[in-house]
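Down below is the structure, laid out as structure tokens.
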Amino acid sequence: MTQTSVVNDLANTRLIRSHAMPDEAAFGAEKERPESFRITDWSEIVARIRDGDPAAMEELYAIFSKGIRYFLLRNLGSEDLDDRVHDCFVIVAESIRKGDLRDPARLMGYVRTVVKRQIAASIETAVTKRRSEVEYEESLFKLSDWKDDPEQSLLARQRAEIARKVLTGISTRDREILQRFYVDEQPQEQICSEMGLTYNQFRLLKSRAKGRFGDMGKRLAKGMGVSFRHAG
Amino acid sequence: MDNRFHESDERLELYALDRLSDSDVIRIEEHLLICNSCRERLDDAANFAIPIRDELRKNPTPHRSRQTSGVMDWLRGQSQRWARPQFALAGAFAMVLVGVVVFRPGNMPLVPVATLQLTAMRGADLKSVAPARELDLTFGDAPVTGGALKVEVVDAGGGPVWLGSPWSDQAGVHARIAKALPPGEYFARLYDSPGHLVHEYAFRVRG
């Protein structure tokens, strides 16, 4: 992977990397899931954007803006967030107008690709900027911390502490079950088979641990008078 | 690819833990772009699963249920013999030995050194290696820069894991990571002396 291709290669990675969500944290709150999901006719909205219908652009923005913000926030932080969301929409809209999006059914896939490229380009820019501003020896260990901020670090430390307390409070056997699933990445079928569990027992164990984690998080949040969920 | 439907909590958790296939990741991410409900549930899943995983990695629990039950079965089968006085001392000694073997932390000894040949070719399969106390990396297609190189290894979350200077021979550029890496995905980044990223390599330490 050469330096010039870093952006393209980063674009092939996931939109969310394997780390805890830095914002909008909700400790263990069970969410009610809607039974149905609105199906959008992408070809209709794409056709209207091609025809220059401003209302269609507003609809597109309403559908995708929160999702785009979500991924950008988690990967790049809140700095310049509105501008970045806007940039994504400009790229998508231009592509539609120019007819580059040949298959309207692939609109969601195209939006995802645009977001990934924006994230990759921003990371590359930040890395380059960082490298030019600090000594080489210093920069290597700080390449990945450009999006850290004190609030997120505090939240991460709190979650780690709660995780430690939850794991201290469960039996060795329950801890082994969690270890097999979360660290050893064993499939639940294997864990159930080797540890003599039913699927429901396995789910119940995880659910109880998650419930304890949520309760401790809520108590902590109440004690500190802070909210763990805030809009990005 | 149908992304109209909500994702289950289990699949969102696996996504947060980076354990889904590329095609599943694409489908979930396209759905997340337009579904606030699943985004909220993903946050819940990630905010629980990742700190728990990280804490368990820091303080691992040895697997012992299976081995323990095997030993207990054996002990039950031997109970008649153990009741006799002449076997009591030997039995107690055996128990201590069994305890040492079964309850030794880590349980699976790590091999001293594992080696891994990496290439930065796009589309190449992700190379994987068994856990070891040390890891020798060989960058087969590293460029000849003429200057000093640096190697940085980061984990899947971008956290720095190791930084050091590699050495070169005819087979390529080599780096020895003198520490055991926990199972997971890693990126090894090769920098030239001005600090420019030359190549990035991905690899996985198996669980």
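All residue names refer to the structure tokens as shown: chains lettered A, B, ... in order, residues numbered from 1 in each chain, ligands numbered from 1 in order.
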
Contact residues around A:Gly99 with only C-alpha atoms at 10 Å, ignoring same-chain residues under 6 positions, as a list in words: Val46, Ala47, Arg50 and Ala93 of chain A

Find the nearest atom pair between each residue of stretch 149-193 of chain A and stretch 2-20 of chain B for residues within 12 Å, count only C-alpha atoms, give distances in Å to one decimal, sort rows by chain and ascending number, and present the table as CSV.
residue,atom,partner,partner_atom,distance
A:Phe181,CA,B:Leu14,CA,10.2
A:Tyr182,CA,B:Leu17,CA,8.1
A:Val183,CA,B:Leu17,CA,9.8
A:Asp184,CA,B:Arg19,CA,11.4
A:Glu185,CA,B:Arg19,CA,8.1
A:Gln186,CA,B:Arg19,CA,10.7
A:Pro187,CA,B:Arg19,CA,10.5
A:Gln188,CA,B:Glu10,CA,10.5

Selection to disk with C-alpha atoms, as a PDB file, in the first residue's frame:
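For reference, out-v4.pdb as written:
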ATOM      1  CA  PHE A 181     -17.634 -15.340  23.439  1.00  0.00           C
ATOM      2  CA  TYR A 182     -16.009 -11.904  23.586  1.00  0.00           C
ATOM      3  CA  VAL A 183     -12.306 -12.717  23.569  1.00  0.00           C
ATOM      4  CA  ASP A 184     -11.882 -16.182  22.098  1.00  0.00           C
ATOM      5  CA  GLU A 185     -14.608 -15.413  19.530  1.00  0.00           C
ATOM      6  CA  GLN A 186     -16.144 -18.842  19.886  1.00  0.00           C
ATOM      7  CA  PRO A 187     -19.593 -19.197  18.310  1.00  0.00           C
ATOM      8  CA  GLN A 188     -22.419 -19.506  20.802  1.00  0.00           C
TER       9      GLN A 188
END

Give me, please, the distance in Å between atom CA of B:Ala45 and atom CA of A:Phe213, quoted to one decimal.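 Separating atom CA of B:Ala45 from atom CA of A:Phe213 is a distance of 11.2 Å.
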
One-decimal distance in Å that lies between atom CA of B:Asn47 and atom CA of B:His63: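 For atom CA of B:His63 relative to atom CA of B:Asn47, the distance reads 25.3 Å.
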
Skip B:Leu126 itself and residues of its chain fewer than 5 positions away, then list as number ranges by chain all residues within 7 Å of it, counting only C-alpha atoms. B: 202-204

Preceding selection exported with C-alpha atoms as a PDB file, in the first residue's frame:
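Wrote again_19.pdb, looks like this:
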ATOM      1  CA  ALA B 202      -2.823  -6.169   7.904  1.00  0.00           C
ATOM      2  CA  PHE B 203      -2.609  -9.385   9.856  1.00  0.00           C
ATOM      3  CA  ARG B 204      -4.534 -11.300  12.465  1.00  0.00           C
TER       4      ARG B 204
END

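Interface residues of chain B facing chain A, defined by any atom at most 6 Å away and using only C-alpha atoms, are Ala16, Leu17, Asp18, Glu30, Leu33, Ile34, Asp43, Asp44, Ala46, Asn47, Ile50, Pro51, Ile52, Arg53, Thr61, Ala120, Gly157, Gly158, Gly195, Leu197, Val198, His199, Glu200 and Gly207 of chain B.
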
What does the file look like for those residues with N, CA and C atoms, as a PDB file, in the first residue's frame?
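What ended up in result.pdb:
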ATOM      1  N   ALA B  16     -20.320  -4.658  15.980  1.00  0.00           N
ATOM      2  CA  ALA B  16     -19.522  -3.782  16.848  1.00  0.00           C
ATOM      3  C   ALA B  16     -18.186  -4.439  17.197  1.00  0.00           C
ATOM      4  N   LEU B  17     -18.187  -5.759  17.293  1.00  0.00           N
ATOM      5  CA  LEU B  17     -16.968  -6.490  17.648  1.00  0.00           C
ATOM      6  C   LEU B  17     -16.130  -6.842  16.420  1.00  0.00           C
ATOM      7  N   ASP B  18     -16.573  -6.379  15.262  1.00  0.00           N
ATOM      8  CA  ASP B  18     -15.822  -6.591  14.024  1.00  0.00           C
ATOM      9  C   ASP B  18     -15.698  -8.080  13.677  1.00  0.00           C
ATOM     10  N   GLU B  30     -25.310  -0.088   5.323  1.00  0.00           N
ATOM     11  CA  GLU B  30     -26.307   0.579   4.482  1.00  0.00           C
ATOM     12  C   GLU B  30     -27.614   0.758   5.254  1.00  0.00           C
ATOM     13  N   LEU B  33     -27.361   3.564   7.823  1.00  0.00           N
ATOM     14  CA  LEU B  33     -27.438   4.915   7.248  1.00  0.00           C
ATOM     15  C   LEU B  33     -28.838   5.493   7.339  1.00  0.00           C
ATOM     16  N   ILE B  34     -29.831   4.626   7.333  1.00  0.00           N
ATOM     17  CA  ILE B  34     -31.204   5.140   7.287  1.00  0.00           C
ATOM     18  C   ILE B  34     -32.049   4.698   8.487  1.00  0.00           C
ATOM     19  N   ASP B  43     -25.192   1.356  19.401  1.00  0.00           N
ATOM     20  CA  ASP B  43     -24.462   2.062  20.469  1.00  0.00           C
ATOM     21  C   ASP B  43     -24.553   1.292  21.778  1.00  0.00           C
ATOM     22  N   ASP B  44     -25.762   0.836  22.099  1.00  0.00           N
ATOM     23  CA  ASP B  44     -25.943   0.064  23.334  1.00  0.00           C
ATOM     24  C   ASP B  44     -25.056  -1.182  23.324  1.00  0.00           C
ATOM     25  N   ALA B  46     -22.373  -1.840  21.525  1.00  0.00           N
ATOM     26  CA  ALA B  46     -20.935  -1.540  21.527  1.00  0.00           C
ATOM     27  C   ALA B  46     -20.478  -1.043  22.885  1.00  0.00           C
ATOM     28  N   ASN B  47     -21.293  -0.212  23.524  1.00  0.00           N
ATOM     29  CA  ASN B  47     -20.881   0.368  24.806  1.00  0.00           C
ATOM     30  C   ASN B  47     -20.800  -0.676  25.918  1.00  0.00           C
ATOM     31  N   ILE B  50     -17.698  -3.900  24.046  1.00  0.00           N
ATOM     32  CA  ILE B  50     -16.280  -3.586  23.837  1.00  0.00           C
ATOM     33  C   ILE B  50     -15.531  -3.392  25.160  1.00  0.00           C
ATOM     34  N   PRO B  51     -16.074  -2.645  26.125  1.00  0.00           N
ATOM     35  CA  PRO B  51     -15.366  -2.591  27.412  1.00  0.00           C
ATOM     36  C   PRO B  51     -15.263  -3.960  28.095  1.00  0.00           C
ATOM     37  N   ILE B  52     -16.315  -4.777  27.969  1.00  0.00           N
ATOM     38  CA  ILE B  52     -16.252  -6.122  28.557  1.00  0.00           C
ATOM     39  C   ILE B  52     -15.150  -6.938  27.885  1.00  0.00           C
ATOM     40  N   ARG B  53     -15.112  -6.900  26.570  1.00  0.00           N
ATOM     41  CA  ARG B  53     -14.071  -7.636  25.847  1.00  0.00           C
ATOM     42  C   ARG B  53     -12.673  -7.149  26.249  1.00  0.00           C
ATOM     43  N   THR B  61      -9.677 -15.136  31.765  1.00  0.00           N
ATOM     44  CA  THR B  61     -10.094 -16.252  32.610  1.00  0.00           C
ATOM     45  C   THR B  61      -9.697 -17.544  31.913  1.00  0.00           C
ATOM     46  N   ALA B 120       1.834  -6.206   0.964  1.00  0.00           N
ATOM     47  CA  ALA B 120       0.878  -5.093   0.985  1.00  0.00           C
ATOM     48  C   ALA B 120      -0.020  -5.126  -0.244  1.00  0.00           C
ATOM     49  N   GLY B 157      -8.467  -1.029  16.573  1.00  0.00           N
ATOM     50  CA  GLY B 157      -9.034   0.270  16.923  1.00  0.00           C
ATOM     51  C   GLY B 157      -8.072   1.414  16.693  1.00  0.00           C
ATOM     52  N   GLY B 158      -6.893   1.134  16.135  1.00  0.00           N
ATOM     53  CA  GLY B 158      -5.918   2.190  15.875  1.00  0.00           C
ATOM     54  C   GLY B 158      -4.999   2.468  17.056  1.00  0.00           C
ATOM     55  N   GLY B 195       9.388  10.066   7.813  1.00  0.00           N
ATOM     56  CA  GLY B 195       8.111   9.813   8.487  1.00  0.00           C
ATOM     57  C   GLY B 195       6.949   9.607   7.547  1.00  0.00           C
ATOM     58  N   LEU B 197       4.423   7.422   5.382  1.00  0.00           N
ATOM     59  CA  LEU B 197       3.912   6.050   5.366  1.00  0.00           C
ATOM     60  C   LEU B 197       4.267   5.409   4.029  1.00  0.00           C
ATOM     61  N   VAL B 198       4.981   4.307   4.094  1.00  0.00           N
ATOM     62  CA  VAL B 198       5.421   3.633   2.864  1.00  0.00           C
ATOM     63  C   VAL B 198       4.465   2.499   2.511  1.00  0.00           C
ATOM     64  N   HIS B 199       4.204   1.652   3.471  1.00  0.00           N
ATOM     65  CA  HIS B 199       3.298   0.526   3.252  1.00  0.00           C
ATOM     66  C   HIS B 199       2.505   0.279   4.525  1.00  0.00           C
ATOM     67  N   GLU B 200       1.320  -0.281   4.354  1.00  0.00           N
ATOM     68  CA  GLU B 200       0.549  -0.726   5.514  1.00  0.00           C
ATOM     69  C   GLU B 200       0.154  -2.179   5.278  1.00  0.00           C
ATOM     70  N   GLY B 207      -7.265 -16.596  17.788  1.00  0.00           N
ATOM     71  CA  GLY B 207      -7.645 -16.808  19.187  1.00  0.00           C
ATOM     72  C   GLY B 207      -7.344 -18.212  19.645  1.00  0.00           C
TER      73      GLY B 207
END

As an exercise, work out the distance from atom CA of B:His31 to atom CA of A:Glu44 in Å and give it to one decimal place. 19.0 Å

Nearest-residue call for B:Val154, choices B:Leu181, B:Cys38, B:Leu137, B:Ala130, using only C-alpha atoms: B:Leu181

Considering only C-alpha atoms, return as number ranges by chain whatever protein or nucleic-acid residues lie within 8 Å of stretch 165-174 of chain B, sequence-local ones (same chain, fewer than 3 positions apart) excluded. B: 136-142, 148-151

Under the rule that only C-alpha atoms are counted, which of B:Leu135, B:Val161, B:Val205, B:Ala49 is the nearest residue to B:Arg176?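 That would be B:Leu135, the residue with the smallest distance to B:Arg176.
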